[in-house]
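What follows is a single structure, written as structure tokens, with notes after it.
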Amino acid sequence: MNAERQLSFACLLIAFGGLLLALQLDGDGALVGTGFAPLGIGAVVALAATLLAGARSNTLPRDALDVLSIASAFLGLSFLVAGVLAPGGSWLFFEVVVLLWLLTRRPLEQKASGPILAPSACAALAVMLLVRLWIAYQGSENRWQLMEISVPILSSIPLKLLDPIKTIELGSFDPTEMGLPITGMAFGPTLALWSSGFAAVAGGLMWRARAAYELENDRIHATIQTLPPALARLVERLLPEEEWKQLGLHGLSERLRCKKIEALIEKEMRSRREFENLLRRTPLLAPPGASEFAADIGNAIQGEPPADAR
Amino acid sequence: MGPGAVRRWESGGSFSCTAALRPAPWVRMRTPRTSAHQRNQRGGAVPFALVASVAAALFVAAILLRGLEAPVRVAPEQREERPTIASPMQLLGVSGSRRSAELAALLPEALRGPWQRVQTGLAAQQACPKTIEWLATPRGQELERTLAELGRGDAPQGLAAAMLLVDLARRTQWEPGMFLGAEHSERIGDLMQAWLARFAEKSADDVTLHEPALAVFLLYGRVMREAYDAPTFGRSQAPFERARSFVRGLCGTVAKSQTDFGRALQTRHPRAYLGLLEDDFLAGCDEEARLLFPDIDGDCGK
């Protein structure tokens, strides 16, 4: 399967996962939406991640596939964040801050078209999803706190008077705050929907990033292959495929890509020519009495084995 | 070099670093190779337009479906359908006996007489006898027999039975005290449990029995809580376990498949429903029953 088809199917996978994350089953077994508010917060986080990914980058979507790819990345990240965020409560703020930090921190050389889901961010999102699922489970059981701890001795005394201090409740919430349907939640099917949706979107985002990378490389390769075969081989040797992204060849139009390749070849050749001139002018034979290290370096430059190896 | 243009290298011979920088003549233009994407656009195995359209449709659905609302629950009393007898809850009130003739007219001929006798007997009760003692009287025995017969019937018969049960709780003494055990409240609880087992689930969709069944359930909760809470220290385990087991099955609070009756209770009396999940599981029902039947205190309102 070529990179374009992979990219298309990755976008389909993201969209399908987003659909699963948009639904939940209520106590009556009816399908209910998960609400627009979490999606709004997810979109803000995804927008920040997209803007930071695009900062100092000259990439633009060049065709319909690129537009679909970037839109899928943005929407996918929005769905993913919306799927793992607790819809309300004070911890929402904390979660958003952590997600923003995780999704926007990236070395400059990794600037890409569209937000990228790094493995560390994916792991953090998975942990948040587990917390959300736990909260949903508690809510589906009509328990409105993260956990309840029994006070060891007090809880065993059969006195109604002590009921208020027999247990300690941690992290209380209410159904409205958690966006639970009024009729409660069928936890099992909802768990299946959300977990599958998360896996589909996260997998789709990673697949999309890889396919987009390959697609850009394919485009550069196709441009280079328009040269005569011998020259194309030479250009690909001078500009190794692994460095194309770092050299800024990704996301350029056909014309800009050609100009960029020309400029890079020119720069590379100038550097090599300068080195060649320098090599010609430099006496490589070590002078008599020079140290063994100097002799070895001279031999290495001439392509001869070091003295002790002979 | 413009898009699609290609330069042909004509230097020939061996390549060196410096030679590569020599200017080369551009002799002819060549069309670049067709990409797979362009081939797809022209109708490959899976046309790009189709994939993009499906993805776009899924994205739109994923956004719009987030606003999907749960279908509104329509309680039987919200429907256009009229109950077999108007305002059935009035029959469970203090002055319910004033409308007993209306209800008697809906009962089968064979049950009408016994029901009226028992109902009139209960309404005329002034002495506030202990429940078990009154049930041992001929009228009390007739009440038990009538309840058993009514339990096999339809909604009006269920309502007639509920009226007898509520009157029994109102006119006899069952509140546990220092010298009065919990056996009286347990006895009333047993009778109510039998009625609920027969009518509660189908009452969730019955416009006549919907509210009376919820009221009987709340009263059952009140009576049974008195029974298991009677000891000063701890609680009486037998009525506690019996009531808990029955309530769990009736409302589906443990089986994770809420029953229709449980759903009706959650909608109408959410506090009572949520209370069922706590340790003192009938406290919510007790509280609601005190509001609904302020005159029923287990001591004939004395």
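As shown in the structure tokens, the chain order sets the letters A, B, ...; within each chain, residues go from 1, and ligands are also counted from 1 in the order they appear.
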
Show me a table, sorted first by chain and then by increasing residue number, of the residues of chain A having an atom at most 6 Å from chain B, each with its shortest atom pair and the distance in Å to one decimal, counting only C-alpha atoms and written as JSON lines.
```
{"residue": "A:Glu4", "atom": "CA", "partner": "B:His37", "partner_atom": "CA", "distance": 6.0}
{"residue": "A:Leu12", "atom": "CA", "partner": "B:Ala55", "partner_atom": "CA", "distance": 4.9}
{"residue": "A:Ala15", "atom": "CA", "partner": "B:Phe59", "partner_atom": "CA", "distance": 5.1}
{"residue": "A:Gly18", "atom": "CA", "partner": "B:Ala62", "partner_atom": "CA", "distance": 5.5}
{"residue": "A:Leu19", "atom": "CA", "partner": "B:Ala62", "partner_atom": "CA", "distance": 4.1}
{"residue": "A:Ala22", "atom": "CA", "partner": "B:Arg66", "partner_atom": "CA", "distance": 5.0}
{"residue": "A:Val32", "atom": "CA", "partner": "B:Leu68", "partner_atom": "CA", "distance": 5.2}
{"residue": "A:Gly33", "atom": "CA", "partner": "B:Arg66", "partner_atom": "CA", "distance": 3.9}
{"residue": "A:Thr34", "atom": "CA", "partner": "B:Arg66", "partner_atom": "CA", "distance": 5.0}
{"residue": "A:Gly35", "atom": "CA", "partner": "B:Arg66", "partner_atom": "CA", "distance": 4.7}
{"residue": "A:Phe36", "atom": "CA", "partner": "B:Arg66", "partner_atom": "CA", "distance": 5.9}
{"residue": "A:Pro158", "atom": "CA", "partner": "B:Gly234", "partner_atom": "CA", "distance": 4.9}
{"residue": "A:Thr226", "atom": "CA", "partner": "B:Pro32", "partner_atom": "CA", "distance": 5.8}
{"residue": "A:Pro228", "atom": "CA", "partner": "B:Arg8", "partner_atom": "CA", "distance": 5.9}
{"residue": "A:Glu254", "atom": "CA", "partner": "B:Pro3", "partner_atom": "CA", "distance": 5.5}
{"residue": "A:Arg255", "atom": "CA", "partner": "B:Pro3", "partner_atom": "CA", "distance": 5.4}
{"residue": "A:Arg273", "atom": "CA", "partner": "B:Thr18", "partner_atom": "CA", "distance": 5.9}
```

Selection to disk with all heavy atoms, as a compact mmCIF listing (two decimals), in the first residue's frame:
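For reference, selection.txt as written:
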```
# COMPACT_ATOMS: atom_id res chain seq x y z
N GLU A 4 0.13 7.35 -0.01
CA GLU A 4 -1.11 8.13 -0.16
C GLU A 4 -2.32 7.34 0.34
O GLU A 4 -3.19 7.86 1.03
CB GLU A 4 -1.29 8.51 -1.62
CG GLU A 4 -0.31 9.59 -2.02
CD GLU A 4 -0.04 9.63 -3.49
OE1 GLU A 4 -0.31 8.61 -4.16
OE2 GLU A 4 0.43 10.65 -3.98
N LEU A 12 -9.40 7.91 7.71
CA LEU A 12 -10.67 7.18 7.93
C LEU A 12 -10.72 6.60 9.34
O LEU A 12 -11.74 6.67 10.03
CB LEU A 12 -10.78 6.04 6.92
CG LEU A 12 -11.59 6.27 5.67
CD1 LEU A 12 -11.65 4.99 4.84
CD2 LEU A 12 -13.02 6.69 6.00
N ALA A 15 -11.41 9.28 11.86
CA ALA A 15 -12.82 9.70 11.83
C ALA A 15 -13.71 8.67 12.51
O ALA A 15 -14.62 9.01 13.28
CB ALA A 15 -13.26 9.91 10.38
N GLY A 18 -13.28 8.87 16.21
CA GLY A 18 -13.97 10.06 16.71
C GLY A 18 -15.45 9.81 16.88
O GLY A 18 -16.08 10.27 17.84
N LEU A 19 -16.00 9.04 15.95
CA LEU A 19 -17.43 8.69 16.03
C LEU A 19 -17.71 7.86 17.29
O LEU A 19 -18.70 8.08 17.99
CB LEU A 19 -17.81 7.90 14.78
CG LEU A 19 -19.29 7.63 14.55
CD1 LEU A 19 -20.02 8.92 14.26
CD2 LEU A 19 -19.48 6.65 13.41
N ALA A 22 -17.73 9.85 20.44
CA ALA A 22 -18.81 10.84 20.54
C ALA A 22 -20.05 10.27 21.22
O ALA A 22 -20.99 11.00 21.50
CB ALA A 22 -19.18 11.35 19.15
N VAL A 32 -26.44 8.15 23.51
CA VAL A 32 -26.48 9.56 23.88
C VAL A 32 -25.13 10.18 23.53
O VAL A 32 -24.09 9.53 23.66
CB VAL A 32 -26.73 9.72 25.41
CG1 VAL A 32 -26.83 11.17 25.78
CG2 VAL A 32 -27.99 8.99 25.81
N GLY A 33 -25.15 11.43 23.08
CA GLY A 33 -23.90 12.11 22.74
C GLY A 33 -23.11 12.48 23.99
O GLY A 33 -23.67 12.63 25.07
N THR A 34 -21.79 12.63 23.82
CA THR A 34 -20.95 12.96 24.98
C THR A 34 -20.82 14.46 25.17
O THR A 34 -20.10 14.90 26.07
CB THR A 34 -19.55 12.32 24.83
OG1 THR A 34 -19.09 12.58 23.51
CG2 THR A 34 -19.58 10.85 25.08
N GLY A 35 -21.47 15.25 24.34
CA GLY A 35 -21.53 16.69 24.58
C GLY A 35 -20.49 17.48 23.80
O GLY A 35 -19.46 16.95 23.40
N PHE A 36 -20.81 18.74 23.59
CA PHE A 36 -19.93 19.61 22.81
C PHE A 36 -18.86 20.28 23.66
O PHE A 36 -17.83 20.68 23.14
CB PHE A 36 -20.76 20.70 22.11
CG PHE A 36 -21.62 20.15 21.00
CD1 PHE A 36 -23.00 20.17 21.10
CD2 PHE A 36 -21.05 19.60 19.87
CE1 PHE A 36 -23.80 19.66 20.09
CE2 PHE A 36 -21.84 19.09 18.85
CZ PHE A 36 -23.21 19.12 18.97
N PRO A 158 -21.03 -0.82 65.48
CA PRO A 158 -22.41 -0.73 64.97
C PRO A 158 -23.22 0.38 65.65
O PRO A 158 -24.22 0.11 66.30
CB PRO A 158 -22.98 -2.12 65.27
CG PRO A 158 -22.23 -2.58 66.46
CD PRO A 158 -20.88 -1.94 66.44
N THR A 226 12.94 12.90 -11.65
CA THR A 226 12.73 13.52 -12.96
C THR A 226 14.07 13.86 -13.61
O THR A 226 14.12 14.18 -14.79
CB THR A 226 11.88 14.80 -12.84
OG1 THR A 226 12.53 15.68 -11.94
CG2 THR A 226 10.48 14.49 -12.35
N PRO A 228 17.94 12.89 -14.91
CA PRO A 228 18.49 11.68 -15.52
C PRO A 228 18.95 10.72 -14.41
O PRO A 228 19.39 11.19 -13.36
CB PRO A 228 19.68 12.20 -16.33
CG PRO A 228 19.40 13.62 -16.56
CD PRO A 228 18.62 14.10 -15.40
N GLU A 254 6.04 22.16 -5.69
CA GLU A 254 6.97 21.59 -6.68
C GLU A 254 8.09 22.58 -7.00
O GLU A 254 9.27 22.23 -6.99
CB GLU A 254 6.18 21.22 -7.94
CG GLU A 254 6.98 20.55 -9.03
CD GLU A 254 7.16 19.06 -8.77
OE1 GLU A 254 6.46 18.51 -7.91
OE2 GLU A 254 8.05 18.47 -9.40
N ARG A 255 7.68 23.82 -7.25
CA ARG A 255 8.68 24.83 -7.64
C ARG A 255 9.65 25.10 -6.49
O ARG A 255 10.87 25.09 -6.68
CB ARG A 255 7.96 26.13 -8.03
CG ARG A 255 8.86 27.22 -8.57
CD ARG A 255 8.04 28.46 -8.88
NE ARG A 255 7.52 29.09 -7.67
CZ ARG A 255 8.24 29.90 -6.89
NH1 ARG A 255 9.49 30.17 -7.19
NH2 ARG A 255 7.70 30.44 -5.81
N ARG A 273 33.86 21.15 -2.45
CA ARG A 273 34.95 21.70 -3.27
C ARG A 273 35.97 22.40 -2.38
O ARG A 273 37.18 22.25 -2.57
CB ARG A 273 34.37 22.70 -4.27
CG ARG A 273 35.39 23.19 -5.30
CD ARG A 273 34.74 24.08 -6.30
NE ARG A 273 34.03 25.17 -5.63
CZ ARG A 273 33.20 26.00 -6.24
NH1 ARG A 273 32.94 25.83 -7.51
NH2 ARG A 273 32.63 26.97 -5.57
```

Per-residue DSSP, stretch 9-249 of chain A, filtered to alpha helix (DSSP H), as a ChimeraX atom specification: /A:9-21,36-54,64-84,91-104,119-140,163-166,187-224,229-238

Let me see the file: selected residues, C-alpha atoms, as a compact mmCIF listing (two decimals), in the first residue's frame.
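Heads up, here's the output in out_9.txt:
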```
# COMPACT_ATOMS: atom_id res chain seq x y z
CA PHE A 9 -7.03 5.09 5.52
CA ALA A 10 -5.35 6.64 8.57
CA CYS A 11 -7.75 9.60 8.20
CA LEU A 12 -10.67 7.18 7.93
CA LEU A 13 -9.53 5.43 11.10
CA ILE A 14 -9.32 8.74 12.96
CA ALA A 15 -12.82 9.70 11.83
CA PHE A 16 -14.22 6.32 12.86
CA GLY A 17 -12.57 6.56 16.28
CA GLY A 18 -13.97 10.06 16.71
CA LEU A 19 -17.43 8.69 16.03
CA LEU A 20 -17.03 6.08 18.77
CA LEU A 21 -15.76 8.66 21.24
CA PHE A 36 -19.93 19.61 22.81
CA ALA A 37 -18.19 21.18 25.81
CA PRO A 38 -15.38 18.59 26.03
CA LEU A 39 -14.91 18.83 22.26
CA GLY A 40 -14.53 22.60 22.59
CA ILE A 41 -11.77 22.20 25.16
CA GLY A 42 -10.16 19.48 23.06
CA ALA A 43 -10.24 21.79 20.03
CA VAL A 44 -8.47 24.53 21.98
CA VAL A 45 -5.72 22.14 23.07
CA ALA A 46 -5.42 20.75 19.52
CA LEU A 47 -5.27 24.28 18.10
CA ALA A 48 -2.40 25.15 20.42
CA ALA A 49 -0.61 21.95 19.42
CA THR A 50 -1.22 22.64 15.71
CA LEU A 51 -0.03 26.25 15.91
CA LEU A 52 3.11 25.29 17.76
CA ALA A 53 3.76 22.46 15.31
CA GLY A 54 3.41 24.92 12.44
CA ALA A 64 -6.85 17.67 -1.21
CA LEU A 65 -5.05 14.79 0.48
CA ASP A 66 -2.91 17.21 2.48
CA VAL A 67 -5.99 19.17 3.54
CA LEU A 68 -7.72 15.96 4.64
CA SER A 69 -4.59 14.86 6.47
CA ILE A 70 -4.16 18.07 8.45
CA ALA A 71 -7.87 18.38 9.18
CA SER A 72 -7.86 14.77 10.40
CA ALA A 73 -4.87 15.42 12.65
CA PHE A 74 -6.55 18.47 14.17
CA LEU A 75 -9.94 16.81 14.63
CA GLY A 76 -8.37 13.57 15.81
CA LEU A 77 -6.43 15.33 18.52
CA SER A 78 -9.56 17.26 19.52
CA PHE A 79 -11.53 14.00 19.79
CA LEU A 80 -8.75 12.34 21.74
CA VAL A 81 -8.41 15.15 24.27
CA ALA A 82 -12.21 15.44 24.57
CA GLY A 83 -12.39 11.69 25.13
CA VAL A 84 -10.00 11.62 28.06
CA TRP A 91 -9.13 18.72 37.90
CA LEU A 92 -10.15 19.71 34.36
CA PHE A 93 -7.87 22.75 34.56
CA PHE A 94 -4.97 20.62 35.74
CA GLU A 95 -5.57 18.08 32.95
CA VAL A 96 -5.67 20.78 30.28
CA VAL A 97 -2.38 22.29 31.47
CA VAL A 98 -0.67 18.89 31.46
CA LEU A 99 -2.02 18.08 27.99
CA LEU A 100 -0.94 21.41 26.57
CA TRP A 101 2.56 20.86 27.88
CA LEU A 102 2.70 17.29 26.57
CA LEU A 103 1.33 18.02 23.14
CA THR A 104 3.27 21.18 22.40
CA PRO A 119 4.40 8.13 22.39
CA SER A 120 4.83 9.93 25.73
CA ALA A 121 1.76 12.08 25.07
CA CYS A 122 -0.17 8.99 24.00
CA ALA A 123 0.76 7.24 27.24
CA ALA A 124 -0.34 10.26 29.29
CA LEU A 125 -3.63 10.40 27.38
CA ALA A 126 -4.16 6.68 28.05
CA VAL A 127 -3.67 7.26 31.78
CA MET A 128 -6.18 10.12 31.67
CA LEU A 129 -8.61 7.86 29.83
CA LEU A 130 -8.29 5.29 32.62
CA VAL A 131 -9.08 7.97 35.21
CA ARG A 132 -12.08 9.08 33.20
CA LEU A 133 -13.29 5.50 32.84
CA TRP A 134 -12.94 4.99 36.58
CA ILE A 135 -14.98 8.12 37.26
CA ALA A 136 -17.59 6.98 34.75
CA TYR A 137 -17.70 3.57 36.43
CA GLN A 138 -18.22 5.14 39.84
CA GLY A 139 -20.95 7.34 38.39
CA SER A 140 -22.63 4.38 36.69
CA ASP A 163 -22.05 6.89 60.45
CA PRO A 164 -20.82 10.31 59.26
CA ILE A 165 -17.25 9.62 60.38
CA LYS A 166 -17.00 5.93 59.51
CA PHE A 187 -20.80 1.25 31.74
CA GLY A 188 -19.84 -1.93 29.86
CA PRO A 189 -20.88 -0.88 26.34
CA THR A 190 -19.68 2.68 26.96
CA LEU A 191 -16.29 1.36 28.06
CA ALA A 192 -16.07 -0.65 24.84
CA LEU A 193 -17.04 2.39 22.74
CA TRP A 194 -14.57 4.75 24.38
CA SER A 195 -11.65 2.34 24.54
CA SER A 196 -12.08 1.34 20.90
CA GLY A 197 -12.48 4.98 19.91
CA PHE A 198 -9.36 5.98 21.79
CA ALA A 199 -7.35 3.16 20.23
CA ALA A 200 -8.63 4.01 16.74
CA VAL A 201 -7.91 7.73 17.02
CA ALA A 202 -4.50 7.32 18.68
CA GLY A 203 -3.50 4.62 16.21
CA GLY A 204 -4.83 6.69 13.32
CA LEU A 205 -2.89 9.77 14.42
CA MET A 206 0.37 7.85 14.63
CA TRP A 207 -0.30 6.12 11.32
CA ARG A 208 -1.16 9.46 9.71
CA ALA A 209 2.08 11.07 10.91
CA ARG A 210 4.14 8.20 9.53
CA ALA A 211 2.23 8.10 6.23
CA ALA A 212 2.49 11.90 5.84
CA TYR A 213 6.24 11.64 6.38
CA GLU A 214 6.50 8.90 3.74
CA LEU A 215 4.29 10.82 1.34
CA GLU A 216 6.51 13.89 1.54
CA ASN A 217 9.57 11.73 0.98
CA ASP A 218 7.84 10.12 -2.01
CA ARG A 219 7.14 13.54 -3.47
CA ILE A 220 10.78 14.62 -3.07
CA HIS A 221 11.91 11.32 -4.50
CA ALA A 222 9.59 11.78 -7.49
CA THR A 223 11.01 15.26 -8.08
CA ILE A 224 14.58 13.96 -7.96
CA PRO A 229 19.13 8.43 -13.56
CA ALA A 230 22.83 9.00 -12.91
CA LEU A 231 22.28 12.53 -11.71
CA ALA A 232 19.29 11.50 -9.58
CA ARG A 233 21.44 8.86 -7.88
CA LEU A 234 24.09 11.47 -7.22
CA VAL A 235 21.60 13.95 -5.76
CA GLU A 236 20.14 11.30 -3.49
CA ARG A 237 23.66 10.46 -2.34
CA LEU A 238 24.43 14.09 -1.62
```

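Distance annotation: of A:Thr167, A:Gly298, A:Glu304, A:Asn2, the residue with the minimal separation from A:Ser150 is A:Thr167; atom set is only C-alpha atoms.
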
So which residues of stretch 2-139 of chain A fall under strand (DSSP E or B) by DSSP, listed as a ChimeraX atom specification? /A:23-26,31-33

Output for the residues just chosen: all heavy atoms as a JSON list (two decimals), in the first residue's frame:
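What follows is the written file selection-v4.json:
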```json
[["chain", "number", "residue", "atom", "x", "y", "z"],
["A", 23, "LEU", "N", -20.04, 8.96, 21.47],
["A", 23, "LEU", "CA", -21.28, 8.32, 21.94],
["A", 23, "LEU", "C", -21.10, 7.61, 23.28],
["A", 23, "LEU", "O", -19.99, 7.22, 23.63],
["A", 23, "LEU", "CB", -21.76, 7.30, 20.90],
["A", 23, "LEU", "CG", -22.15, 7.88, 19.54],
["A", 23, "LEU", "CD1", -22.30, 6.77, 18.52],
["A", 23, "LEU", "CD2", -23.42, 8.69, 19.64],
["A", 24, "GLN", "N", -22.18, 7.46, 23.99],
["A", 24, "GLN", "CA", -22.21, 6.66, 25.20],
["A", 24, "GLN", "C", -23.60, 6.05, 25.31],
["A", 24, "GLN", "O", -24.53, 6.53, 24.66],
["A", 24, "GLN", "CB", -21.88, 7.51, 26.43],
["A", 24, "GLN", "CG", -22.84, 8.66, 26.66],
["A", 24, "GLN", "CD", -22.38, 9.57, 27.78],
["A", 24, "GLN", "OE1", -21.78, 9.14, 28.73],
["A", 24, "GLN", "NE2", -22.67, 10.86, 27.66],
["A", 25, "LEU", "N", -23.71, 5.00, 26.11],
["A", 25, "LEU", "CA", -25.02, 4.36, 26.29],
["A", 25, "LEU", "C", -25.58, 4.72, 27.66],
["A", 25, "LEU", "O", -24.87, 4.58, 28.67],
["A", 25, "LEU", "CB", -24.89, 2.84, 26.18],
["A", 25, "LEU", "CG", -25.33, 2.28, 24.82],
["A", 25, "LEU", "CD1", -24.21, 2.47, 23.82],
["A", 25, "LEU", "CD2", -25.72, 0.84, 24.93],
["A", 26, "ASP", "N", -26.81, 5.19, 27.69],
["A", 26, "ASP", "CA", -27.38, 5.57, 28.99],
["A", 26, "ASP", "C", -28.03, 4.36, 29.66],
["A", 26, "ASP", "O", -27.97, 3.24, 29.15],
["A", 26, "ASP", "CB", -28.36, 6.74, 28.83],
["A", 26, "ASP", "CG", -29.67, 6.34, 28.17],
["A", 26, "ASP", "OD1", -29.80, 5.18, 27.79],
["A", 26, "ASP", "OD2", -30.56, 7.19, 28.04],
["A", 31, "LEU", "N", -28.47, 5.41, 22.81],
["A", 31, "LEU", "CA", -27.23, 6.12, 22.48],
["A", 31, "LEU", "C", -27.39, 7.60, 22.78],
["A", 31, "LEU", "O", -28.37, 8.22, 22.36],
["A", 31, "LEU", "CB", -26.88, 5.93, 21.01],
["A", 31, "LEU", "CG", -26.22, 4.60, 20.64],
["A", 31, "LEU", "CD1", -26.11, 4.48, 19.14],
["A", 31, "LEU", "CD2", -24.85, 4.47, 21.27],
["A", 32, "VAL", "N", -26.44, 8.15, 23.51],
["A", 32, "VAL", "CA", -26.48, 9.56, 23.88],
["A", 32, "VAL", "C", -25.13, 10.18, 23.53],
["A", 32, "VAL", "O", -24.09, 9.53, 23.66],
["A", 32, "VAL", "CB", -26.73, 9.72, 25.41],
["A", 32, "VAL", "CG1", -26.83, 11.17, 25.78],
["A", 32, "VAL", "CG2", -27.99, 8.99, 25.81],
["A", 33, "GLY", "N", -25.15, 11.43, 23.08],
["A", 33, "GLY", "CA", -23.90, 12.11, 22.74],
["A", 33, "GLY", "C", -23.11, 12.48, 23.99],
["A", 33, "GLY", "O", -23.67, 12.63, 25.07]]
```

Separation of atom CA of B:Val166 from atom CA of B:Gln141 in Å: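 Rounded to one decimal, the two atoms are 16.4 Å apart.
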
Polymer residues at most 7 Å from stretch 245-252 of chain A, only C-alpha atoms, same-chain spacing of 5 or more positions, as an MDAnalysis selection string: chainID A and resid 59:60 109 216 257

Just the number, please: distance in Å from atom CA of B:Arg198 to atom CA of B:Gly158, one decimal.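 The value is 8.6 Å.
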
I want to know what sits within 9 Å of stretch 202-205 of chain B, based on only C-alpha atoms, with residues of the same chain fewer than 5 positions away left out; could you give that as a ChimeraX atom specification? /B:75-76,155,210-214,260-265

Any chance you can output those residues with N, CA and C atoms as a compact mmCIF listing (two decimals), in the first residue's frame?
```
# COMPACT_ATOMS: atom_id res chain seq x y z
N ALA B 75 -43.41 9.13 31.71
CA ALA B 75 -44.03 8.36 32.78
C ALA B 75 -45.49 8.14 32.43
N PRO B 76 -46.08 7.05 32.93
CA PRO B 76 -47.48 6.76 32.58
C PRO B 76 -48.42 7.92 32.86
N ALA B 155 -55.24 -4.09 37.35
CA ALA B 155 -54.83 -2.86 38.02
C ALA B 155 -55.82 -2.38 39.08
N HIS B 210 -49.18 3.25 38.64
CA HIS B 210 -47.83 3.80 38.66
C HIS B 210 -47.50 4.50 39.98
N GLU B 211 -48.26 5.48 40.33
CA GLU B 211 -47.96 6.24 41.56
C GLU B 211 -48.28 5.44 42.82
N PRO B 212 -49.43 4.75 42.88
CA PRO B 212 -49.69 3.95 44.09
C PRO B 212 -48.59 2.93 44.38
N ALA B 213 -48.02 2.32 43.33
CA ALA B 213 -46.97 1.32 43.56
C ALA B 213 -45.73 1.98 44.17
N LEU B 214 -45.39 3.15 43.68
CA LEU B 214 -44.23 3.85 44.24
C LEU B 214 -44.51 4.21 45.71
N ASP B 260 -37.67 -1.69 35.22
CA ASP B 260 -38.54 -0.57 34.88
C ASP B 260 -39.03 0.13 36.16
N PHE B 261 -39.28 -0.68 37.17
CA PHE B 261 -39.74 -0.08 38.43
C PHE B 261 -38.62 0.75 39.06
N GLY B 262 -37.40 0.21 39.02
CA GLY B 262 -36.25 0.96 39.54
C GLY B 262 -36.08 2.28 38.82
N ARG B 263 -36.28 2.24 37.52
CA ARG B 263 -36.17 3.46 36.71
C ARG B 263 -37.25 4.47 37.10
N ALA B 264 -38.47 3.94 37.29
CA ALA B 264 -39.58 4.83 37.68
C ALA B 264 -39.29 5.46 39.03
N LEU B 265 -38.76 4.66 39.95
CA LEU B 265 -38.44 5.18 41.28
C LEU B 265 -37.34 6.24 41.19
```

List the spatial neighbours of B:Glu241 as a ChimeraX atom specification - criterion: any atom at most 12 Å away, only C-alpha atoms, same-chain residues fewer than 6 positions off excluded. /B:224-225,227-228,235,247-248,279-282

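Going from atom CA of B:Thr137 over to atom CA of B:Gln125, you cover 12.7 Å.
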